[in-house]
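Participant: Okay, so here is work21.tsv, and as you'll see once you scroll down, it has TSV, C-alpha atoms.
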```tsv
chain	number	residue	atom	x	y	z
A	1	MET	CA	0.00	0.00	0.00
A	2	THR	CA	1.36	3.42	-0.94
A	3	LEU	CA	1.78	6.22	1.51
A	4	GLY	CA	-1.13	8.11	-0.07
A	5	GLY	CA	-3.39	5.10	0.37
A	6	VAL	CA	-2.44	4.75	4.03
A	7	VAL	CA	-3.20	8.40	4.70
A	8	HIS	CA	-6.64	8.11	2.96
A	9	TRP	CA	-7.60	5.01	4.95
A	10	PHE	CA	-6.59	6.65	8.23
A	11	CYS	CA	-8.64	9.74	7.51
A	12	PHE	CA	-11.75	7.63	6.65
A	13	VAL	CA	-11.50	5.63	9.87
A	14	ALA	CA	-11.04	8.79	11.91
A	15	VAL	CA	-14.19	10.32	10.43
A	16	VAL	CA	-16.27	7.16	11.06
A	17	MET	CA	-15.05	6.78	14.61
A	18	THR	CA	-15.68	10.42	15.54
A	19	LYS	CA	-19.28	10.69	13.96
A	20	GLU	CA	-21.96	11.23	16.72
A	21	PRO	CA	-25.13	9.05	16.95
A	22	GLN	CA	-28.25	10.77	15.52
A	23	GLN	CA	-31.35	11.68	17.60
A	24	PHE	CA	-34.58	9.88	16.63
A	25	PHE	CA	-38.11	9.15	17.91
A	26	THR	CA	-39.09	5.78	19.33
A	27	ARG	CA	-42.64	6.92	20.17
A	28	GLU	CA	-44.68	9.58	18.39
A	29	PRO	CA	-48.12	11.06	19.02
A	30	SER	CA	-51.21	10.18	16.96
A	31	ASP	CA	-54.71	11.56	16.60
A	32	VAL	CA	-56.68	11.20	19.80
A	33	ALA	CA	-60.01	12.26	21.33
A	34	ALA	CA	-60.38	13.35	24.94
A	35	THR	CA	-63.37	14.30	27.03
A	36	GLN	CA	-63.61	17.84	28.34
A	37	GLY	CA	-62.58	17.81	31.98
A	38	GLY	CA	-60.54	14.65	31.58
A	39	LYS	CA	-56.84	14.01	31.00
A	40	VAL	CA	-54.91	13.18	27.84
A	41	ILE	CA	-51.25	12.26	27.28
A	42	LEU	CA	-49.62	12.67	23.87
A	43	PRO	CA	-46.53	10.39	23.74
A	44	CYS	CA	-43.06	11.51	22.66
A	45	LYS	CA	-39.95	9.42	23.32
A	46	VAL	CA	-36.54	10.36	21.91
A	47	GLU	CA	-33.31	8.37	21.78
A	48	ASN	CA	-29.93	10.09	21.65
A	49	LYS	CA	-31.59	13.44	22.23
A	50	GLY	CA	-29.10	16.21	21.68
A	51	GLY	CA	-31.13	19.29	20.82
A	52	VAL	CA	-33.68	21.24	22.81
A	53	LEU	CA	-37.20	19.68	22.73
A	54	GLN	CA	-40.48	21.50	22.56
A	55	TRP	CA	-44.10	20.80	21.74
A	56	THR	CA	-46.02	22.96	19.29
A	57	ARG	CA	-49.75	23.62	19.15
A	58	ASP	CA	-51.02	24.61	15.73
A	59	GLY	CA	-47.40	25.47	14.87
A	60	PHE	CA	-46.69	27.66	17.93
A	61	GLY	CA	-44.16	26.51	20.51
A	62	LEU	CA	-45.35	25.84	24.06
A	63	GLY	CA	-41.93	26.21	25.70
A	64	GLN	CA	-38.84	24.16	26.47
A	65	ASN	CA	-39.23	23.80	30.23
A	66	ARG	CA	-40.81	20.49	31.18
A	67	SER	CA	-43.29	22.27	33.48
A	68	LEU	CA	-44.44	24.60	30.66
A	69	PRO	CA	-45.00	27.50	33.06
A	70	GLY	CA	-47.04	29.50	30.58
A	71	PHE	CA	-49.64	26.74	30.38
A	72	PRO	CA	-50.74	25.67	33.85
A	73	ARG	CA	-52.79	22.70	32.61
A	74	MET	CA	-49.93	21.31	30.55
A	75	ALA	CA	-46.60	19.64	31.36
A	76	MET	CA	-44.00	17.37	29.76
A	77	VAL	CA	-43.91	14.17	31.79
A	78	GLY	CA	-42.33	10.72	31.78
A	79	ARG	CA	-40.40	8.35	34.03
A	80	ASP	CA	-37.15	8.81	32.12
A	81	SER	CA	-36.57	12.53	31.95
A	82	ALA	CA	-33.88	12.06	29.31
A	83	ARG	CA	-36.06	10.11	26.91
A	84	ASN	CA	-39.75	10.60	27.82
A	85	TRP	CA	-41.27	13.94	26.85
A	86	ASP	CA	-44.95	13.10	26.83
A	87	LEU	CA	-47.33	16.07	26.78
A	88	GLU	CA	-49.94	15.82	29.53
A	89	ILE	CA	-53.03	18.05	29.44
A	90	SER	CA	-55.33	18.05	32.48
A	91	PRO	CA	-58.08	19.00	32.77
A	92	VAL	CA	-58.76	19.08	29.04
A	93	GLN	CA	-60.66	22.14	27.84
A	94	LEU	CA	-62.35	22.88	24.57
A	95	GLU	CA	-59.60	25.42	23.73
A	96	ASP	CA	-57.05	22.59	23.72
A	97	GLU	CA	-58.45	21.21	20.48
A	98	ALA	CA	-55.57	21.65	18.01
A	99	VAL	CA	-52.79	19.92	16.05
A	100	TYR	CA	-49.76	19.01	18.20
A	101	GLN	CA	-46.22	18.03	17.28
A	102	CYS	CA	-43.11	17.05	19.22
A	103	GLN	CA	-39.93	18.76	17.89
A	104	VAL	CA	-36.21	18.46	18.74
A	105	LEU	CA	-33.99	21.28	17.58
A	106	ALA	CA	-30.67	20.77	15.81
A	107	THR	CA	-27.20	20.70	17.35
A	108	GLY	CA	-23.87	21.33	15.66
A	109	THR	CA	-23.72	17.71	14.53
A	110	MET	CA	-27.39	16.61	14.64
A	111	PRO	CA	-30.16	17.78	12.33
A	112	PRO	CA	-33.59	18.70	13.83
A	113	ILE	CA	-36.34	16.08	13.98
A	114	ARG	CA	-40.11	16.43	14.05
A	115	SER	CA	-42.70	13.82	15.03
A	116	ASP	CA	-45.91	13.00	13.24
A	117	THR	CA	-48.62	15.54	13.87
A	118	ALA	CA	-51.50	14.55	16.15
A	119	ARG	CA	-54.94	16.13	16.16
A	120	LEU	CA	-56.56	16.38	19.56
A	121	ILE	CA	-60.36	16.29	19.40
A	122	VAL	CA	-62.09	17.49	22.55
A	123	THR	CA	-65.46	15.86	23.11
A	124	ILE	CA	-68.18	17.21	25.36
A	125	PRO	CA	-70.70	14.77	26.83
A	126	SER	CA	-74.23	15.61	25.88
A	127	GLY	CA	-76.75	16.59	28.48
A	128	PRO	CA	-79.25	13.89	29.44
A	129	PRO	CA	-81.99	13.05	26.93
A	130	GLY	CA	-85.50	14.20	27.71
A	131	ILE	CA	-88.88	13.15	26.30
A	132	ALA	CA	-90.77	16.35	25.57
A	133	SER	CA	-94.13	15.21	26.95
A	134	GLY	CA	-92.70	14.21	30.32
A	135	PRO	CA	-93.09	10.91	32.17
A	136	SER	CA	-96.47	10.10	30.60
A	137	VAL	CA	-97.47	10.18	26.92
A	138	THR	CA	-101.21	10.24	26.22
A	139	MET	CA	-102.31	8.73	22.90
A	140	THR	CA	-105.50	7.50	21.27
A	141	GLU	CA	-105.91	3.97	19.98
A	142	GLY	CA	-105.48	3.77	16.21
A	143	VAL	CA	-104.38	7.41	15.85
A	144	GLU	CA	-100.79	8.11	14.82
A	145	ALA	CA	-98.94	10.18	17.40
A	146	ASN	CA	-95.44	11.58	17.77
A	147	VAL	CA	-93.08	11.21	20.73
A	148	SER	CA	-90.15	13.63	20.66
A	149	CYS	CA	-86.85	13.30	22.51
A	150	GLN	CA	-84.03	15.83	22.73
A	151	ALA	CA	-80.44	15.86	23.97
A	152	GLU	CA	-78.24	18.92	23.70
A	153	GLY	CA	-74.80	20.25	24.62
A	154	GLY	CA	-72.81	17.38	23.13
A	155	LYS	CA	-69.78	17.46	20.87
A	156	PRO	CA	-70.09	15.52	18.71
A	157	ALA	CA	-73.89	15.38	18.59
A	158	ALA	CA	-75.47	12.64	20.70
A	159	GLN	CA	-76.82	9.63	18.81
A	160	LEU	CA	-80.32	8.87	20.09
A	161	GLU	CA	-82.06	5.50	19.93
A	162	TRP	CA	-85.50	4.29	21.08
A	163	ARG	CA	-86.72	1.31	23.05
A	164	VAL	CA	-90.46	0.46	23.23
A	165	GLY	CA	-91.64	-2.21	25.63
A	166	GLY	CA	-88.05	-3.44	25.97
A	167	ILE	CA	-87.52	-3.74	22.20
A	168	ASN	CA	-85.01	-1.53	20.40
A	169	ILE	CA	-86.48	0.45	17.51
A	170	LYS	CA	-84.20	1.27	14.58
A	171	ASN	CA	-84.31	3.67	11.62
A	172	ILE	CA	-85.95	6.50	13.52
A	173	GLN	CA	-85.83	9.98	11.99
A	174	THR	CA	-83.24	12.05	13.85
A	175	LYS	CA	-82.12	15.64	13.31
A	176	THR	CA	-78.95	17.32	14.59
A	177	GLU	CA	-78.21	21.04	14.64
A	178	LYS	CA	-75.45	23.23	15.98
A	179	ILE	CA	-76.48	25.38	18.92
A	180	PRO	CA	-76.06	29.05	17.94
A	181	GLY	CA	-73.04	30.68	19.58
A	182	SER	CA	-71.65	27.33	20.69
A	183	LEU	CA	-69.49	24.47	19.40
A	184	THR	CA	-71.97	21.92	20.73
A	185	PHE	CA	-74.97	20.29	19.12
A	186	ARG	CA	-78.63	19.52	19.74
A	187	THR	CA	-80.14	16.18	18.67
A	188	VAL	CA	-83.90	15.76	18.22
A	189	SER	CA	-85.43	12.35	17.51
A	190	ASN	CA	-89.09	11.72	16.71
A	191	LEU	CA	-90.83	8.38	17.16
A	192	ASN	CA	-94.16	7.91	15.36
A	193	LEU	CA	-96.53	5.35	16.86
A	194	VAL	CA	-100.02	4.06	16.04
A	195	PRO	CA	-100.91	2.60	19.43
A	196	SER	CA	-103.35	-0.16	20.23
A	197	LYS	CA	-105.11	-1.00	23.46
A	198	ALA	CA	-102.39	-3.56	24.20
A	199	ASP	CA	-99.78	-0.78	24.24
A	200	ASP	CA	-101.36	0.93	27.26
A	201	GLY	CA	-98.83	0.97	30.10
A	202	PHE	CA	-95.85	0.17	27.88
A	203	SER	CA	-92.64	2.09	28.57
A	204	VAL	CA	-90.99	4.18	25.87
A	205	SER	CA	-87.31	5.01	26.39
A	206	CYS	CA	-85.04	7.39	24.50
A	207	PHE	CA	-81.34	6.80	25.18
A	208	ILE	CA	-77.91	7.98	24.10
A	209	LEU	CA	-76.25	5.09	22.31
A	210	SER	CA	-72.74	5.72	23.66
A	211	THR	CA	-73.68	6.10	27.33
A	212	GLU	CA	-77.10	4.35	27.65
A	213	GLU	CA	-78.27	7.44	29.58
A	214	SER	CA	-82.02	7.47	29.04
A	215	SER	CA	-85.36	9.14	29.53
A	216	THR	CA	-88.49	7.00	29.98
A	217	ALA	CA	-92.19	7.69	29.64
A	218	MET	CA	-95.24	5.48	30.03
A	219	LEU	CA	-97.81	5.18	27.25
A	220	ASN	CA	-101.27	6.22	28.38
A	221	VAL	CA	-103.48	4.90	25.57
A	222	MET	CA	-107.10	6.04	25.35
A	223	TYR	CA	-109.29	3.38	23.74
A	224	LYS	CA	-112.95	2.78	23.01
A	225	PRO	CA	-114.89	0.25	25.12
A	226	ASP	CA	-114.12	-3.43	24.67
A	227	VAL	CA	-117.52	-5.00	25.36
A	228	LYS	CA	-118.70	-8.45	26.42
A	229	ILE	CA	-122.32	-9.42	27.02
A	230	GLY	CA	-123.46	-12.12	29.41
A	231	ARG	CA	-126.34	-13.19	31.65
A	232	VAL	CA	-126.59	-12.96	35.42
A	233	GLY	CA	-127.12	-16.32	37.12
A	234	ASP	CA	-126.14	-19.88	36.36
A	235	LYS	CA	-129.12	-20.84	34.19
A	236	LYS	CA	-127.83	-21.93	30.79
A	237	ILE	CA	-131.10	-22.04	28.85
A	238	ILE	CA	-133.94	-19.55	28.50
A	239	GLN	CA	-137.56	-20.72	28.59
A	240	GLU	CA	-140.72	-18.86	27.85
A	241	GLY	CA	-141.90	-17.07	30.97
A	242	ASP	CA	-138.40	-16.68	32.47
A	243	SER	CA	-137.06	-13.39	33.82
A	244	VAL	CA	-133.58	-12.73	32.42
A	245	VAL	CA	-130.92	-10.20	33.47
A	246	PHE	CA	-128.31	-9.39	30.86
A	247	ASN	CA	-124.96	-7.93	31.92
A	248	CYS	CA	-122.71	-5.73	29.82
A	249	GLU	CA	-119.02	-5.77	30.81
A	250	SER	CA	-116.76	-3.14	29.30
A	251	SER	CA	-113.14	-2.14	29.53
A	252	SER	CA	-112.31	1.36	28.31
A	253	LYS	CA	-110.11	4.37	28.82
A	254	PRO	CA	-111.38	6.77	29.93
A	255	SER	CA	-113.76	4.68	32.01
A	256	GLU	CA	-116.68	7.14	31.93
A	257	VAL	CA	-119.19	5.45	29.58
A	258	LEU	CA	-122.81	5.53	28.44
A	259	TYR	CA	-124.78	2.30	27.93
A	260	THR	CA	-127.46	1.74	25.28
A	261	TRP	CA	-129.47	-1.50	25.09
A	262	THR	CA	-131.54	-2.64	22.11
A	263	VAL	CA	-133.67	-5.72	21.52
A	264	GLN	CA	-134.32	-6.37	17.84
A	265	ASP	CA	-133.05	-2.83	17.13
A	266	GLU	CA	-135.63	-1.35	19.49
A	267	GLU	CA	-133.97	0.76	22.16
A	268	MET	CA	-134.81	-0.25	25.70
A	269	VAL	CA	-135.29	2.67	28.05
A	270	GLN	CA	-134.69	1.79	31.68
A	271	ALA	CA	-133.61	3.37	34.91
A	272	GLY	CA	-130.90	2.31	37.29
A	273	ALA	CA	-127.61	0.54	36.55
A	274	GLN	CA	-127.27	0.76	32.81
A	275	GLU	CA	-124.78	-2.09	32.60
A	276	ASN	CA	-127.70	-4.46	33.25
A	277	LEU	CA	-130.83	-5.08	31.16
A	278	VAL	CA	-133.79	-6.84	32.76
A	279	ILE	CA	-136.48	-8.55	30.68
A	280	ASP	CA	-139.12	-9.53	33.22
A	281	THR	CA	-141.00	-12.02	31.03
A	282	ILE	CA	-139.45	-13.81	28.10
A	283	THR	CA	-141.93	-14.74	25.36
A	284	ARG	CA	-141.67	-16.90	22.31
A	285	GLN	CA	-141.43	-13.71	20.28
A	286	HIS	CA	-137.97	-13.24	21.80
A	287	HIS	CA	-136.71	-16.40	20.07
A	288	ASN	CA	-133.88	-15.44	17.65
A	289	ALA	CA	-134.11	-11.83	18.83
A	290	VAL	CA	-130.78	-9.98	19.05
A	291	VAL	CA	-129.97	-8.30	22.36
A	292	LYS	CA	-127.30	-5.69	21.81
A	293	CYS	CA	-125.31	-3.59	24.28
A	294	GLN	CA	-123.53	-0.48	23.01
A	295	VAL	CA	-121.02	1.29	25.25
A	296	GLN	CA	-119.69	4.73	24.35
A	297	ASN	CA	-116.87	6.87	25.76
A	298	SER	CA	-115.04	9.92	24.46
A	299	VAL	CA	-112.93	7.79	22.10
A	300	GLY	CA	-115.65	5.77	20.40
A	301	THR	CA	-118.29	3.06	20.71
A	302	GLY	CA	-117.94	-0.66	21.30
A	303	GLN	CA	-120.71	-3.22	21.22
A	304	ALA	CA	-121.55	-6.86	21.84
A	305	GLU	CA	-124.67	-8.86	21.11
A	306	GLU	CA	-126.38	-12.15	21.88
A	307	ARG	CA	-128.95	-13.92	19.72
A	308	LEU	CA	-131.54	-15.46	22.02
A	309	SER	CA	-132.55	-19.06	21.85
A	310	VAL	CA	-135.87	-19.33	23.71
A	311	TYR	CA	-137.39	-22.73	24.45
A	312	TYR	CA	-141.20	-22.72	24.45
A	313	GLN	CA	-143.93	-25.33	24.66
A	314	PRO	CA	-145.59	-26.56	21.44
A	315	ARG	CA	-148.91	-25.11	20.32
A	316	ILE	CA	-151.26	-26.16	17.53
A	317	LEU	CA	-151.40	-23.63	14.76
A	318	THR	CA	-153.62	-25.52	12.29
A	319	ASN	CA	-156.23	-28.05	13.48
A	320	PRO	CA	-157.28	-30.92	11.17
A	321	SER	CA	-160.64	-30.34	9.41
A	322	SER	CA	-163.57	-32.77	9.24
A	323	LEU	CA	-164.44	-34.13	5.81
A	324	SER	CA	-166.66	-36.67	4.08
A	325	THR	CA	-165.96	-38.51	0.84
A	326	ASN	CA	-166.73	-41.72	-0.98
A	327	GLU	CA	-165.59	-45.01	0.31
A	328	GLY	CA	-162.23	-46.01	-1.16
A	329	GLU	CA	-161.07	-42.46	-1.65
A	330	THR	CA	-157.75	-41.21	-0.14
A	331	VAL	CA	-158.22	-38.75	2.68
A	332	ARG	CA	-155.51	-36.24	3.77
A	333	LEU	CA	-155.54	-34.51	7.13
A	334	GLU	CA	-153.19	-31.59	8.03
A	335	CYS	CA	-151.88	-30.48	11.42
A	336	GLU	CA	-149.42	-27.62	11.94
A	337	ALA	CA	-147.64	-27.02	15.27
A	338	ASP	CA	-145.07	-24.52	16.52
A	339	GLY	CA	-142.51	-24.87	19.31
A	340	HIS	CA	-138.81	-24.78	20.17
A	341	PRO	CA	-137.32	-27.20	19.80
A	342	THR	CA	-139.47	-28.20	16.82
A	343	PRO	CA	-142.17	-30.54	18.15
A	344	ALA	CA	-142.87	-34.04	16.87
A	345	ILE	CA	-146.43	-34.52	15.51
A	346	SER	CA	-148.32	-37.79	15.82
A	347	TRP	CA	-151.86	-38.82	14.76
A	348	HIS	CA	-154.40	-40.71	16.83
A	349	LYS	CA	-157.88	-42.17	16.28
A	350	LEU	CA	-160.39	-41.36	18.95
A	351	ASN	CA	-160.89	-44.21	21.44
A	352	SER	CA	-157.70	-45.94	20.21
A	353	THR	CA	-154.32	-46.11	21.92
A	354	GLU	CA	-152.40	-46.69	18.71
A	355	ILE	CA	-150.51	-43.99	16.79
A	356	THR	CA	-151.94	-43.96	13.30
A	357	GLY	CA	-149.49	-41.57	11.69
A	358	ILE	CA	-146.48	-39.26	12.16
A	359	GLY	CA	-145.81	-35.83	10.72
A	360	PRO	CA	-147.89	-32.82	9.77
A	361	LEU	CA	-149.74	-34.71	6.94
A	362	PHE	CA	-151.74	-37.86	7.50
A	363	SER	CA	-153.26	-39.91	4.67
A	364	LEU	CA	-155.65	-42.84	4.83
A	365	THR	CA	-157.92	-44.84	2.51
A	366	LEU	CA	-161.47	-44.32	3.59
A	367	THR	CA	-163.28	-47.53	4.49
A	368	ARG	CA	-165.91	-48.40	7.02
A	369	SER	CA	-163.09	-49.41	9.41
A	370	THR	CA	-161.01	-46.27	8.92
A	371	ALA	CA	-163.87	-43.82	9.16
A	372	GLY	CA	-164.03	-42.10	12.52
A	373	SER	CA	-162.67	-39.18	14.52
A	374	TYR	CA	-158.96	-38.19	14.41
A	375	PHE	CA	-156.74	-35.70	16.20
A	376	CYS	CA	-153.04	-34.79	16.26
A	377	SER	CA	-150.71	-34.16	19.18
A	378	ALA	CA	-147.45	-32.18	19.34
A	379	HIS	CA	-144.69	-33.19	21.76
A	380	SER	CA	-141.25	-31.74	22.66
A	381	ALA	CA	-138.58	-33.43	24.76
A	382	MET	CA	-138.07	-30.14	26.63
A	383	PHE	CA	-141.59	-30.21	28.06
A	384	PRO	CA	-143.41	-33.01	29.92
A	385	THR	CA	-146.88	-32.67	28.35
A	386	SER	CA	-148.18	-32.75	24.78
A	387	VAL	CA	-150.69	-30.42	23.22
A	388	VAL	CA	-153.68	-31.90	21.39
A	389	SER	CA	-155.63	-30.55	18.44
A	390	SER	CA	-159.40	-30.50	18.03
A	391	THR	CA	-161.06	-33.62	16.60
A	392	ALA	CA	-161.78	-34.04	12.89
A	393	ARG	CA	-164.54	-36.41	11.74
A	394	VAL	CA	-163.87	-38.50	8.64
A	395	THR	CA	-167.06	-40.05	7.24
A	396	ILE	CA	-168.27	-41.99	4.17
A	397	SER	CA	-170.65	-40.08	1.98
A	398	ARG	CA	-174.05	-41.82	1.48
A	399	GLY	CA	-175.29	-42.32	-2.10
A	400	PRO	CA	-178.45	-40.49	-3.35
A	401	THR	CA	-181.83	-42.00	-2.37
A	402	ILE	CA	-184.26	-42.46	-5.32
A	403	THR	CA	-187.91	-42.17	-4.44
A	404	SER	CA	-190.88	-42.58	-6.88
A	405	ALA	CA	-194.66	-42.68	-6.63
A	406	GLN	CA	-196.17	-46.20	-6.56
A	407	VAL	CA	-198.25	-47.03	-9.74
A	408	THR	CA	-201.50	-48.80	-9.14
```
Represent the structure contained in this file as structure tokens.
Facilitator:
Amino acid sequence: MTLGGVVHWFCFVAVVMTKEPQQFFTREPSDVAATQGGKVILPCKVENKGGVLQWTRDGFGLGQNRSLPGFPRMAMVGRDSARNWDLEISPVQLEDEAVYQCQVLATGTMPPIRSDTARLIVTIPSGPPGIASGPSVTMTEGVEANVSCQAEGGKPAAQLEWRVGGINIKNIQTKTEKIPGSLTFRTVSNLNLVPSKADDGFSVSCFILSTEESSTAMLNVMYKPDVKIGRVGDKKIIQEGDSVVFNCESSSKPSEVLYTWTVQDEEMVQAGAQENLVIDTITRQHHNAVVKCQVQNSVGTGQAEERLSVYYQPRILTNPSSLSTNEGETVRLECEADGHPTPAISWHKLNSTEITGIGPLFSLTLTRSTAGSYFCSAHSAMFPTSVVSSTARVTISRGPTITSAQVT
């Protein structure tokens, strides 16, 4: 190796051996959100720090003293005072929202270094949500109504959700707006409901999704009367001549109601407790009649009805008629009876114990043995006795008698 080469190699080694280590970051700040009144720490850790370190806020230096005397809520902290230069802010205020950066100035042999920038977002918890109508929401069955909830003072705006009867309701229309003269927001959410009677007493809750802080109201649903009609007493069947008391039960809100009773669409006017209707004497004309109870409140009218089934004893409507015809002719007798249940009709010959026919029509061939007096009877299993028609005589017509003067 030549002398020039030796000198060059020596100078290169001397430069390498005397070069200082460079300062660099091992931890840098990043974007972060902090709650107003809380505490936030922006990290900054430097190895081989040689220059003076400072934090900047929106490009303006905060100072080089770790205690940052010009900013009483700020300080540079860390266990290792040579390496850790974290920026602590406590309590965080809205004015602290800015872009921060940790910087180390240059030395004679070290260039300056700058960390990544970090945006501090200061959040403000929203005030509690409140349902506008208060703890009770009055609605009418079948009529769409609106329940409004509001939360204000939050940054960012509070996200409101609804819960009805313990079930979360999604896709509710919500509106947010900035409060004039403030950096905070107001959130208004509207829930539209078409309530039914079954919803009465349900709870409706509006809550902030992030905190579950809520406001609850009870649904007070007004509904028309729900009506049931019945009869007082334990008698299951109605017979002609009975006295029957009908009872009208209703559930409604409000409970102040007016009763109207009709029988076959004829209004029954009566005094006393209107929830009861008394028919002193049931007749056969009441069979298949419709007894109706209408109950009305301020919301609407409900009604219930009962079609009566009245059991009544048979009666003869058409008695058989007497007749006379030629021997050998067919004779037809008719008997019509009414009753409920429908009575059975049987035919009898006077002074005979045998039943000669069944049904409303009775036919016979007229002979000397069949001629006589007949009647019908009507019988129902609901009643112990039968009713009997009048008697019809069936006779053989006599032929004409020819008389002539005797010739002498």
Participant: Neighbouring residues of Cys293 of chain A were defined as those with any atom within 7 Å, considering all atoms listed in the file; residues of the same chain fewer than 3 positions away were excluded. Please report them as a list in words.
Facilitator: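 My reading of the contact set: Cys248, Tyr259, Thr260, Trp261, Thr262, Gln303, Ala304 and Glu305 of chain A.
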Participant: Tell me, in Å to one decimal, how far atom CA of Val137 of chain A is from atom CA of Val204 of chain A.
Facilitator: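 Going from atom CA of Val137 of chain A over to atom CA of Val204 of chain A covers 8.9 Å.
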Participant: From (-132.1, -7.5, 20.3), in the file's coordinates, out to 9 Å: which residues are reached, counting all atoms listed in the file? Answer as a list in words.
Facilitator: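 Using all atoms listed in the file, the matching residues come out as Trp261, Thr262, Val263, Gln264, Asp265, Glu266, Glu267, His286, Asn288, Ala289, Val290, Val291, Lys292, Cys293, Glu305, Glu306, Arg307 and Leu308 of chain A.
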Participant: Create the file for the chosen residues now, containing C-alpha atoms and written as a PDB file, keeping the file's coordinate frame.
Facilitator:
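Writing done, so here's result_29.pdb:
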```pdb
ATOM      1  CA  TRP A 261    -129.470  -1.500  25.090  1.00  0.00           C
ATOM      2  CA  THR A 262    -131.540  -2.640  22.110  1.00  0.00           C
ATOM      3  CA  VAL A 263    -133.670  -5.720  21.520  1.00  0.00           C
ATOM      4  CA  GLN A 264    -134.320  -6.370  17.840  1.00  0.00           C
ATOM      5  CA  ASP A 265    -133.050  -2.830  17.130  1.00  0.00           C
ATOM      6  CA  GLU A 266    -135.630  -1.350  19.490  1.00  0.00           C
ATOM      7  CA  GLU A 267    -133.970   0.760  22.160  1.00  0.00           C
ATOM      8  CA  HIS A 286    -137.970 -13.240  21.800  1.00  0.00           C
ATOM      9  CA  ASN A 288    -133.880 -15.440  17.650  1.00  0.00           C
ATOM     10  CA  ALA A 289    -134.110 -11.830  18.830  1.00  0.00           C
ATOM     11  CA  VAL A 290    -130.780  -9.980  19.050  1.00  0.00           C
ATOM     12  CA  VAL A 291    -129.970  -8.300  22.360  1.00  0.00           C
ATOM     13  CA  LYS A 292    -127.300  -5.690  21.810  1.00  0.00           C
ATOM     14  CA  CYS A 293    -125.310  -3.590  24.280  1.00  0.00           C
ATOM     15  CA  GLU A 305    -124.670  -8.860  21.110  1.00  0.00           C
ATOM     16  CA  GLU A 306    -126.380 -12.150  21.880  1.00  0.00           C
ATOM     17  CA  ARG A 307    -128.950 -13.920  19.720  1.00  0.00           C
ATOM     18  CA  LEU A 308    -131.540 -15.460  22.020  1.00  0.00           C
TER      19      LEU A 308
END
```
Participant: As an exercise, work out the distance from atom CA of Ser90 of chain A to atom CA of Gly37 of chain A in Å and give it to one decimal place.
Facilitator: 7.3 Å
Participant: Kindly extract all protein, DNA and RNA residues lying within 10 Å of the coordinates (-40.3, 7.8, 29.5) given in the file, considering all atoms listed in the file, and supply them as a ChimeraX atom specification.
Facilitator: /A:27,43-46,77-86
Participant: Contacts of Tyr374 of chain A at 7 Å or less, counting all atoms listed in the file, minus same-chain residues fewer than 4 places along, as number ranges by chain?
Facilitator: A: 348-350, 391-393
Participant: Work out how far apart atom CA of Arg231 of chain A and atom CA of Phe246 of chain A are and give it in Å to one decimal.
Facilitator: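 Result for atom CA of Arg231 of chain A versus atom CA of Phe246 of chain A: 4.4 Å, one decimal.
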Participant: Env of Met110 of chain A: 9 Å cut, atoms = all atoms listed in the file, seq-sep filter 6 positions within chain, self excluded. Answer as an mmCIF file with C-alpha atoms, keeping the file's coordinate frame.
Facilitator:
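New file result-v4.cif:
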```
data_model
loop_
_atom_site.group_PDB
_atom_site.id
_atom_site.type_symbol
_atom_site.label_atom_id
_atom_site.label_comp_id
_atom_site.auth_asym_id
_atom_site.auth_seq_id
_atom_site.Cartn_x
_atom_site.Cartn_y
_atom_site.Cartn_z
ATOM 1 C CA GLU A 20 -21.960 11.230 16.720
ATOM 2 C CA PRO A 21 -25.130 9.050 16.950
ATOM 3 C CA GLN A 22 -28.250 10.770 15.520
ATOM 4 C CA GLN A 23 -31.350 11.680 17.600
ATOM 5 C CA GLY A 50 -29.100 16.210 21.680
ATOM 6 C CA GLY A 51 -31.130 19.290 20.820
#
```
Participant: With a distance cut-off of 9 Å and all atoms listed in the file, select the neighbouring residues of Val278 of chain A, excluding the residue or stretch itself and same-chain residues fewer than 3 positions from it, and output the selection as a PyMOL selection string.
Facilitator: chain A and resi 243-247+270
Participant: Fewer than 3 positions away in the same chain doesn't count, so skip those; otherwise give me all residues within 12 Å of Thr117 of chain A, counting all atoms listed in the file, as a ChimeraX atom specification.
Facilitator: /A:28-32,42-44,55-59,98-103,114,120
Participant: Using only C-alpha atoms, which residue out of A:Thr109, A:Asn326, A:Thr123, A:Ser363 lies closest to Val40 of chain A?
Facilitator: A:Thr123
Participant: So which one's closest to Arg315 of chain A, A:Gln93, A:Thr138, A:Gln285, A:Thr342? Using all atoms listed in the file, please.
Facilitator: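 Of the candidates, the smallest distance to Arg315 of chain A is held by A:Thr342.
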Participant: May I ask which of the residues A:Trp162, A:Tyr223, A:Phe24, A:Tyr311 is the closest one to Glu47 of chain A, counting only C-alpha atoms?
Facilitator: A:Phe24
Participant: With all atoms listed in the file as the atoms that count, which of A:Thr107, A:Ala34, A:Pro69, A:Asp200 lies nearest to Asn48 of chain A?
Facilitator: A:Thr107
Participant: Under the rule of at most 10 Å, produce a per-residue listing of segment 152-238 of chain A near segment 253-257 of chain A: chain, number, name, the closest pair of atoms, and the distance in Å, as CSV, using only C-alpha atoms.
Facilitator:
```
residue,atom,partner,partner_atom,distance
A:Lys197,CA,A:Lys253,CA,9.1
A:Asp200,CA,A:Lys253,CA,9.5
A:Asn220,CA,A:Lys253,CA,9.0
A:Val221,CA,A:Lys253,CA,7.4
A:Met222,CA,A:Lys253,CA,4.9
A:Tyr223,CA,A:Lys253,CA,5.2
A:Lys224,CA,A:Lys253,CA,6.7
A:Pro225,CA,A:Lys253,CA,7.3
A:Asp226,CA,A:Lys253,CA,9.7
```
Participant: Which residue gives the smallest distance to Ser298 of chain A among A:Gly328, A:Ile358, A:Leu258, A:Tyr312, with only C-alpha atoms counted?
Facilitator: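 Nearest to Ser298 of chain A: A:Leu258.
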